[in-house]
$ cat query-v2.cif   # mmCIF, C-alpha atoms and all ligand atoms
data_entry
#
loop_
_atom_site.label_atom_id
_atom_site.label_comp_id
_atom_site.auth_asym_id
_atom_site.auth_seq_id
_atom_site.Cartn_x
_atom_site.Cartn_y
_atom_site.Cartn_z
CA MET G 626 39.67 69.14 -76.79
CA LYS G 627 43.28 68.11 -76.21
CA ALA G 628 46.02 70.58 -77.08
CA TYR G 629 48.79 69.45 -79.39
CA LYS G 630 52.00 70.67 -80.94
CA VAL G 631 53.09 69.62 -84.43
CA LEU G 632 56.46 67.88 -84.35
CA GLY G 633 56.57 67.28 -88.09
CA THR G 634 55.69 64.50 -90.48
CA THR G 635 57.05 61.01 -90.90
CA ASP G 636 56.72 58.22 -93.41
CA ASP G 637 57.83 55.68 -90.82
CA VAL G 638 54.24 55.45 -89.62
CA THR G 639 51.66 55.10 -92.39
CA THR G 640 48.57 54.16 -90.40
CA CYS G 641 46.46 56.91 -88.85
CA GLU G 642 46.11 56.23 -85.12
CA LEU G 643 42.73 57.94 -85.01
CA CYS G 644 40.75 56.30 -87.83
CA LEU G 645 43.20 53.40 -88.34
CA LYS G 646 43.28 54.04 -92.08
CA PRO G 647 46.42 52.26 -93.39
CA GLU G 648 48.80 52.90 -96.28
CA LEU G 649 48.91 56.67 -95.99
CA LYS G 650 51.89 58.36 -97.63
CA GLY G 651 52.90 59.52 -94.17
CA THR G 652 51.47 60.85 -90.93
CA VAL G 653 51.57 64.09 -88.99
CA VAL G 654 53.39 63.69 -85.67
CA LEU G 655 51.54 65.45 -82.86
CA MET G 656 52.77 65.83 -79.28
CA PRO G 657 50.06 66.24 -76.64
CA LEU G 658 50.48 69.31 -74.44
CA ASP G 659 49.43 69.52 -70.81
CA ASP G 660 47.51 72.43 -69.27
CA ASP G 661 50.72 74.44 -68.92
CA GLY G 662 51.61 73.92 -72.55
CA ASN G 663 54.42 71.49 -71.78
CA GLU G 664 55.03 68.47 -73.96
CA GLY G 665 53.68 65.42 -72.22
CA GLY G 666 53.20 61.80 -73.10
CA GLU G 667 53.75 59.91 -76.29
CA ALA G 668 53.73 61.33 -79.79
CA CYS G 669 50.62 60.56 -81.87
CA TYR G 670 50.56 59.76 -85.58
CA PHE G 671 47.53 60.98 -87.49
CA GLY G 672 46.56 61.53 -91.09
CA THR G 673 46.24 65.22 -91.96
CA SER G 674 42.45 65.45 -91.63
CA CYS G 675 42.44 63.39 -88.44
CA ALA G 676 45.19 65.60 -87.01
CA ALA G 677 42.92 68.57 -87.68
CA LYS G 678 39.99 66.77 -86.06
CA ALA G 679 41.97 65.75 -82.98
CA ALA G 680 43.46 69.20 -82.36
CA GLY G 681 40.48 71.30 -83.42
CA TRP G 682 42.42 72.90 -86.26
CA THR G 683 41.68 73.36 -89.94
CA VAL G 684 43.66 71.25 -92.39
CA LYS G 685 45.33 74.48 -93.46
CA GLU G 686 46.43 75.07 -89.86
CA VAL G 687 47.86 71.56 -89.67
CA ARG G 688 49.87 72.21 -92.86
CA ALA G 689 51.09 75.53 -91.44
CA GLY G 690 52.12 73.73 -88.24
CA VAL G 691 54.04 71.14 -90.24
CA LYS G 692 55.81 73.87 -92.17
CA ARG G 693 56.69 75.70 -88.97
CA ALA G 694 58.09 72.53 -87.38
CA THR G 695 60.13 71.76 -90.51
CA ASP G 696 61.47 75.32 -90.63
CA GLU G 697 62.36 75.22 -86.95
CA LYS G 698 64.18 71.94 -87.37
CA ARG G 699 66.10 73.27 -90.38
CA GLU G 700 66.97 76.46 -88.49
CA ALA G 701 68.15 74.47 -85.47
CA GLU G 702 70.34 72.31 -87.69
CA ARG G 703 71.75 75.39 -89.41
CA ALA G 704 72.52 77.04 -86.06
CA GLU G 705 74.20 73.86 -84.93
CA ARG G 706 76.35 73.78 -88.06
CA GLU G 707 77.27 77.44 -87.61
CA ALA G 708 78.23 76.78 -84.01
CA ALA G 709 80.36 73.83 -85.10
CA TRP G 710 82.18 76.02 -87.61
CA ALA G 711 82.64 78.77 -85.05
CA ALA G 712 84.03 76.24 -82.58
CA GLU G 713 86.46 74.94 -85.20
CA ARG G 714 87.61 78.45 -86.19
CA GLU G 715 88.12 79.29 -82.56
CA PHE G 716 90.01 76.09 -81.85
CA LEU G 717 92.38 76.66 -84.77
CA ALA G 718 93.09 80.27 -83.77
CA ALA G 719 93.72 79.20 -80.17
CA TRP G 720 95.97 76.39 -81.40
CA TYR G 721 98.10 78.79 -83.48
CA GLU G 722 98.31 81.12 -80.54
CA GLU G 723 99.32 78.37 -78.16
CA HIS G 724 102.07 77.08 -80.44
CA TYR G 725 103.25 80.18 -82.27
CA GLY G 726 101.99 83.12 -80.23
CA THR G 727 99.57 84.44 -82.87
CA ARG G 728 95.99 83.69 -83.85
CA ASP G 729 96.76 84.38 -87.50
CA LEU G 730 97.52 81.33 -89.67
CA HIS G 731 99.82 83.17 -92.10
CA GLU G 732 101.89 84.67 -89.36
CA ALA G 733 102.03 81.38 -87.46
CA ALA G 734 103.16 79.59 -90.63
CA GLU G 735 105.89 82.15 -91.12
CA ARG G 736 107.08 81.74 -87.54
CA ALA G 737 106.95 77.96 -87.88
CA GLY G 738 108.79 78.03 -91.20
CA MET G 739 106.04 75.88 -92.66
CA SER G 740 103.49 76.28 -95.41
CA THR G 741 100.04 77.44 -94.31
CA VAL G 742 98.60 74.24 -95.76
CA ARG G 743 100.82 72.03 -93.64
CA LEU G 744 100.34 74.04 -90.46
CA SER G 745 96.57 74.30 -90.80
CA GLY G 746 96.56 70.58 -91.58
CA GLU G 747 98.22 69.90 -88.24
CA ALA G 748 95.79 72.16 -86.39
CA ILE G 749 92.80 70.55 -88.10
CA HIS G 750 94.16 67.14 -87.21
CA ALA G 751 94.34 68.19 -83.55
CA TYR G 752 90.77 69.45 -83.76
CA ARG G 753 89.50 66.18 -85.24
CA GLU G 754 91.12 64.32 -82.36
CA LEU G 755 89.27 66.52 -79.89
CA GLN G 756 86.01 66.01 -81.79
CA ARG G 757 86.44 62.26 -81.79
CA ALA G 758 86.91 62.34 -78.03
CA ALA G 759 83.79 64.49 -77.60
CA GLU G 760 81.82 62.22 -79.90
CA ALA G 761 82.90 59.15 -77.98
CA ALA G 762 81.63 60.89 -74.85
CA SER G 763 78.18 61.62 -76.24
CA VAL G 764 77.56 58.50 -78.32
CA GLU G 765 79.02 55.69 -76.26
CA GLU G 766 76.43 53.69 -74.41
CA PRO G 767 77.42 52.05 -71.19
CA GLU G 768 78.42 48.41 -71.50
CA VAL G 769 76.52 46.35 -69.01
CA MET G 770 78.20 43.52 -67.20
CA GLU G 771 75.68 41.84 -64.99
CA ALA G 772 76.07 39.14 -62.41
CA PRO G 773 72.59 37.75 -61.89
CA VAL G 774 73.20 35.71 -58.73
CA THR G 775 74.50 38.33 -56.31
CA GLN G 776 72.23 41.30 -56.07
CA HIS G 777 74.32 44.02 -57.61
CA ARG G 778 74.69 45.77 -60.93
CA GLU G 779 77.92 46.85 -62.51
CA THR G 780 78.37 49.04 -65.55
CA LEU G 781 81.56 50.10 -67.27
CA VAL G 782 81.19 53.74 -68.28
CA ARG G 783 83.65 55.17 -70.79
CA VAL G 784 83.80 58.85 -71.68
CA ALA G 785 86.52 60.18 -73.98
CA GLY G 786 88.82 57.29 -73.16
CA VAL G 787 88.33 57.56 -69.41
CA GLU G 788 86.78 54.48 -67.84
CA ARG G 789 84.90 54.09 -64.63
CA VAL G 790 83.06 51.13 -63.13
CA VAL G 791 79.74 52.00 -61.55
CA ARG G 792 78.58 49.40 -59.04
CA THR G 793 75.32 49.35 -57.14
CA GLU G 794 74.55 46.76 -54.47
CA ASP G 795 71.37 45.91 -52.66
CA GLY G 796 70.89 46.67 -49.00
CA GLY G 797 69.45 49.59 -47.11
CA LYS G 798 66.56 51.05 -49.07
CA ILE G 799 67.31 48.84 -52.08
CA ARG G 800 65.42 45.60 -51.50
CA THR G 801 63.83 44.53 -54.76
CA THR G 802 65.47 43.95 -58.16
CA LYS G 803 63.45 46.81 -59.56
CA GLN G 804 64.75 49.18 -56.86
CA LEU G 805 68.29 47.98 -57.55
CA GLU G 806 67.95 48.68 -61.28
CA THR G 807 66.40 52.07 -60.71
CA ALA G 808 69.18 53.03 -58.31
CA HIS G 809 71.83 51.69 -60.67
CA THR G 810 70.43 53.50 -63.70
CA LYS G 811 70.49 56.68 -61.66
CA ALA G 812 74.09 56.08 -60.61
CA VAL G 813 75.22 55.37 -64.20
CA LYS G 814 73.51 58.52 -65.45
CA ALA G 815 75.12 60.56 -62.70
CA ALA G 816 78.55 59.17 -63.58
CA LEU G 817 78.03 59.93 -67.29
CA VAL G 818 76.93 63.47 -66.58
CA GLU G 819 79.90 64.05 -64.32
CA MET G 820 82.39 62.60 -66.78
CA ARG G 821 80.96 64.49 -69.73
CA ARG G 822 81.20 67.71 -67.80
CA ALA G 823 84.95 67.22 -67.87
CA ASN G 824 84.81 67.76 -71.66
CA LEU G 825 83.06 71.09 -71.38
CA ASP G 826 86.14 73.30 -71.41
CA ALA G 827 86.50 73.46 -75.19
CA TYR G 828 82.88 74.61 -75.60
CA LYS G 829 83.12 77.13 -72.79
CA LEU G 830 86.27 78.58 -74.30
CA THR G 831 84.42 79.04 -77.59
CA LEU G 832 81.53 80.71 -75.81
CA SER G 833 83.63 83.19 -73.87
CA THR G 834 85.62 84.08 -76.98
CA LEU G 835 82.43 84.65 -78.95
CA GLU G 836 81.02 86.82 -76.18
CA ALA G 837 84.18 88.88 -75.99
CA ALA G 838 84.40 89.34 -79.77
CA PRO G 839 83.10 92.55 -81.39
CA TRP G 840 79.69 92.37 -83.01
CA SER G 841 79.53 90.67 -86.41
CA PRO G 842 76.68 89.23 -88.48
CA GLY G 843 75.55 85.97 -86.93
CA ARG G 844 77.50 86.49 -83.72
CA ASP G 845 74.45 86.55 -81.43
CA ARG G 846 73.10 83.48 -83.14
CA ASP G 847 76.42 81.68 -82.72
CA ILE G 848 76.43 82.62 -79.05
CA GLU G 849 72.94 81.22 -78.54
CA ALA G 850 73.82 78.02 -80.39
CA THR G 851 77.03 77.58 -78.41
CA LYS G 852 75.16 78.20 -75.15
CA ARG G 853 72.82 75.36 -76.11
CA ILE G 854 75.79 73.08 -76.74
CA VAL G 855 77.27 73.97 -73.36
CA ARG G 856 73.91 73.44 -71.63
CA ARG G 857 73.52 70.05 -73.27
CA ALA G 858 77.00 68.99 -72.23
CA GLU G 859 76.27 70.22 -68.72
CA ARG G 860 73.07 68.22 -68.57
CA GLY G 861 74.69 65.19 -70.14
CA THR G 862 71.92 64.84 -72.71
CA LEU G 863 72.28 63.82 -76.31
CA THR G 864 71.63 66.24 -79.17
CA SER G 865 67.98 67.15 -79.48
CA HIS G 866 66.94 67.69 -83.05
CA GLY G 867 65.06 70.95 -83.18
CA THR G 868 61.54 70.59 -81.90
CA TYR G 869 61.52 66.83 -82.42
CA ASP G 870 61.13 64.66 -79.37
CA VAL G 871 63.57 62.05 -80.57
CA ALA G 872 63.09 59.76 -77.58
CA ALA G 873 59.33 59.62 -78.15
CA MET G 874 59.69 59.21 -81.89
CA ARG G 875 62.11 56.31 -81.52
CA LYS G 876 59.51 54.29 -79.66
CA PRO G 877 57.98 51.45 -81.64
CA HIS G 878 54.65 52.26 -83.09
CA PRO G 879 51.82 51.60 -83.12
CA PRO G 880 51.83 50.54 -79.46
CA VAL G 881 51.87 46.77 -79.01
CA ARG G 882 49.78 45.12 -76.29
CA PHE G 883 50.50 41.68 -74.98
CA THR G 884 47.62 39.60 -73.72
CA GLU G 885 47.07 36.22 -72.11
CA THR G 886 43.73 35.75 -73.83
CA VAL G 887 43.82 33.84 -77.09
CA PRO G 888 41.69 35.60 -79.71
CA GLU G 889 38.77 33.49 -80.98
CA TYR G 890 39.87 33.62 -84.59
CA LEU G 891 43.06 31.66 -83.84
CA VAL G 892 43.18 27.89 -83.93
CA GLU G 893 45.34 25.72 -81.72
CA VAL G 894 47.89 23.95 -83.95
CA GLU G 895 49.63 22.20 -81.07
CA PRO G 896 49.33 22.54 -77.31
CA GLY G 897 49.91 26.18 -76.41
CA HIS G 898 50.58 27.27 -80.00
CA TYR G 899 48.05 29.23 -82.01
CA ALA G 900 47.86 30.37 -85.60
CA THR G 901 45.43 31.97 -88.01
CA ASP G 902 43.31 29.71 -90.23
CA GLU G 903 45.53 30.40 -93.23
CA ALA G 904 48.73 29.73 -91.32
CA ALA G 905 47.29 26.57 -89.79
CA GLU G 906 46.31 25.34 -93.23
CA SER G 907 49.75 25.97 -94.70
CA LEU G 908 51.35 24.25 -91.70
CA ALA G 909 49.19 21.19 -92.34
CA LEU G 910 50.70 20.86 -95.83
CA PHE G 911 54.05 19.81 -94.43
ZN ZN R 1001 42.68 59.17 -89.72
#
$ encode --input "query-v2.cif" --output "structure tokens"
Amino acid sequence: MKAYKVLGTTDDVTTCELCLKPELKGTVVLMPLDDDGNEGGEACYFGTSCAAKAAGWTVKEVRAGVKRATDEKREAERAEREAAWAAEREFLAAWYEEHYGTRDLHEAAERAGMSTVRLSGEAIHAYRELQRAAEAASVEEPEVMEAPVTQHRETLVRVAGVERVVRTEDGGKIRTTKQLETAHTKAVKAALVEMRRANLDAYKLTLSTLEAAPWSPGRDRDIEATKRIVRRAERGTLTSHGTYDVAAMRKPHPPVRFTETVPEYLVEVEPGHYATDEAAESLALF
């Protein structure tokens, strides 16, 4: 019996991959686990009873697993929100301190001779700018400029307004196109990771401030959440959504297989072109 972990449910896939029953309201998303309990391979989509059958669970256990996964996801999102708020609060306090020598908005406004609304507006504006830069760093996909004739690959990588061209050429160990692309992908990833690391300072500042602060409700949780953000930025990965394997879930499903063999039930409508009986018939009408 294969071991699985429940990732959640989805209504994107409505056909059970086990019994192939279609038009279900939704499916349970299961991730196969290897012998060490690590997630491995592609996510499976099963109806509830088939999920139970595949994993050796009762239907009740499947439902409990779904609930747990949903709760975990919600908790992760909540922690992320909390961390975002904590980061913003910290940024604003640091901004007041930098400009007016105090972390307190009211005192800073007094020193600036400005209303608190106007001063906090300016600080928030500065924070949004920083966020936009960080977002650009995590969301922007490399633009690929390829020259097919010479054997090289070039990619323009942009992180928070900083651009860098990554170029990989063949030669040495790189002989085939596939090796060139593998090497280039690796180089682009390395560049992204390195450039994103440059945006880490704001998160690290938040973390050290949180760690230095006296205990308060939610502080430990905020610290953990901020640590995750820092780790992610360090690794150069995109946000993971709780226990969901987003990369696996984004894959098209069910898996499509391409074949050279023409199925017997298709008829040849013109050389090299095949259609079903019905389609062939409707084509003949025109
Ligand atoms: Zn089924």
$ closest_residue --input "query-v2.cif" --among "G:Thr639, G:Ser674, G:Thr807, G:Thr634" --to "ligand ZN 1001 (chain R)" --atoms "only C-alpha atoms and all ligand atoms"
G:Ser674
$ closest_atom_pairs --input "query-v2.cif" --of "chain G" --to "ligand ZN 1001 (chain R)" --cutoff "10 Å" --atoms "all atoms listed in the file" --output "CSV"
residue,atom,partner,partner_atom,distance
G:Thr640,CA,R:ZN1001,ZN,7.8
G:Cys641,CA,R:ZN1001,ZN,4.5
G:Glu642,CA,R:ZN1001,ZN,6.4
G:Leu643,CA,R:ZN1001,ZN,4.9
G:Cys644,CA,R:ZN1001,ZN,3.9
G:Leu645,CA,R:ZN1001,ZN,6.0
G:Lys646,CA,R:ZN1001,ZN,5.7
G:Pro647,CA,R:ZN1001,ZN,8.7
G:Leu649,CA,R:ZN1001,ZN,9.2
G:Thr652,CA,R:ZN1001,ZN,9.0
G:Tyr670,CA,R:ZN1001,ZN,8.9
G:Phe671,CA,R:ZN1001,ZN,5.6
G:Gly672,CA,R:ZN1001,ZN,4.7
G:Thr673,CA,R:ZN1001,ZN,7.4
G:Ser674,CA,R:ZN1001,ZN,6.6
G:Cys675,CA,R:ZN1001,ZN,4.4
G:Ala676,CA,R:ZN1001,ZN,7.4
G:Ala677,CA,R:ZN1001,ZN,9.6
G:Lys678,CA,R:ZN1001,ZN,8.9
G:Ala679,CA,R:ZN1001,ZN,9.4
$ closest_residue --input "query-v2.cif" --among "G:Phe716, G:Trp682, G:Tyr899, G:Tyr725" --to "G:Leu832" --atoms "all atoms listed in the file"
G:Phe716
$ closest_residue --input "query-v2.cif" --among "G:Val654, G:Glu849, G:Val631, G:Asn663" --to "G:Ala689" --atoms "all atoms listed in the file"
G:Val631
$ atom_distance --input "query-v2.cif" --atom1 "atom CA of G:Glu903" --atom2 "atom CA of G:Leu891"
9.8 Å
$ residues_around --input "query-v2.cif" --residues "G:Leu717" --least-positions-apart "3" --cutoff "8 Å" --atoms "only C-alpha atoms" --output "NGL selection string"
:G and (713-714 or 720-721 or 728 or 745 or 748-749 or 752)
$ residues_around --input "query-v2.cif" --residues "stretch 656-659 of chain G" --least-positions-apart "4" --cutoff "9 Å" --atoms "all atoms listed in the file" --output "compact mmCIF listing (two decimals) with C-alpha atoms, keeping the file's coordinate frame"
# COMPACT_ATOMS: atom_id res chain seq x y z
CA LYS G 627 43.28 68.11 -76.21
CA ALA G 628 46.02 70.58 -77.08
CA TYR G 629 48.79 69.45 -79.39
CA LYS G 630 52.00 70.67 -80.94
CA VAL G 631 53.09 69.62 -84.43
CA LEU G 632 56.46 67.88 -84.35
CA ASN G 663 54.42 71.49 -71.78
CA GLU G 664 55.03 68.47 -73.96
CA GLY G 665 53.68 65.42 -72.22
CA GLY G 666 53.20 61.80 -73.10
CA GLU G 667 53.75 59.91 -76.29
CA ALA G 668 53.73 61.33 -79.79
CA CYS G 669 50.62 60.56 -81.87
CA ASP G 870 61.13 64.66 -79.37
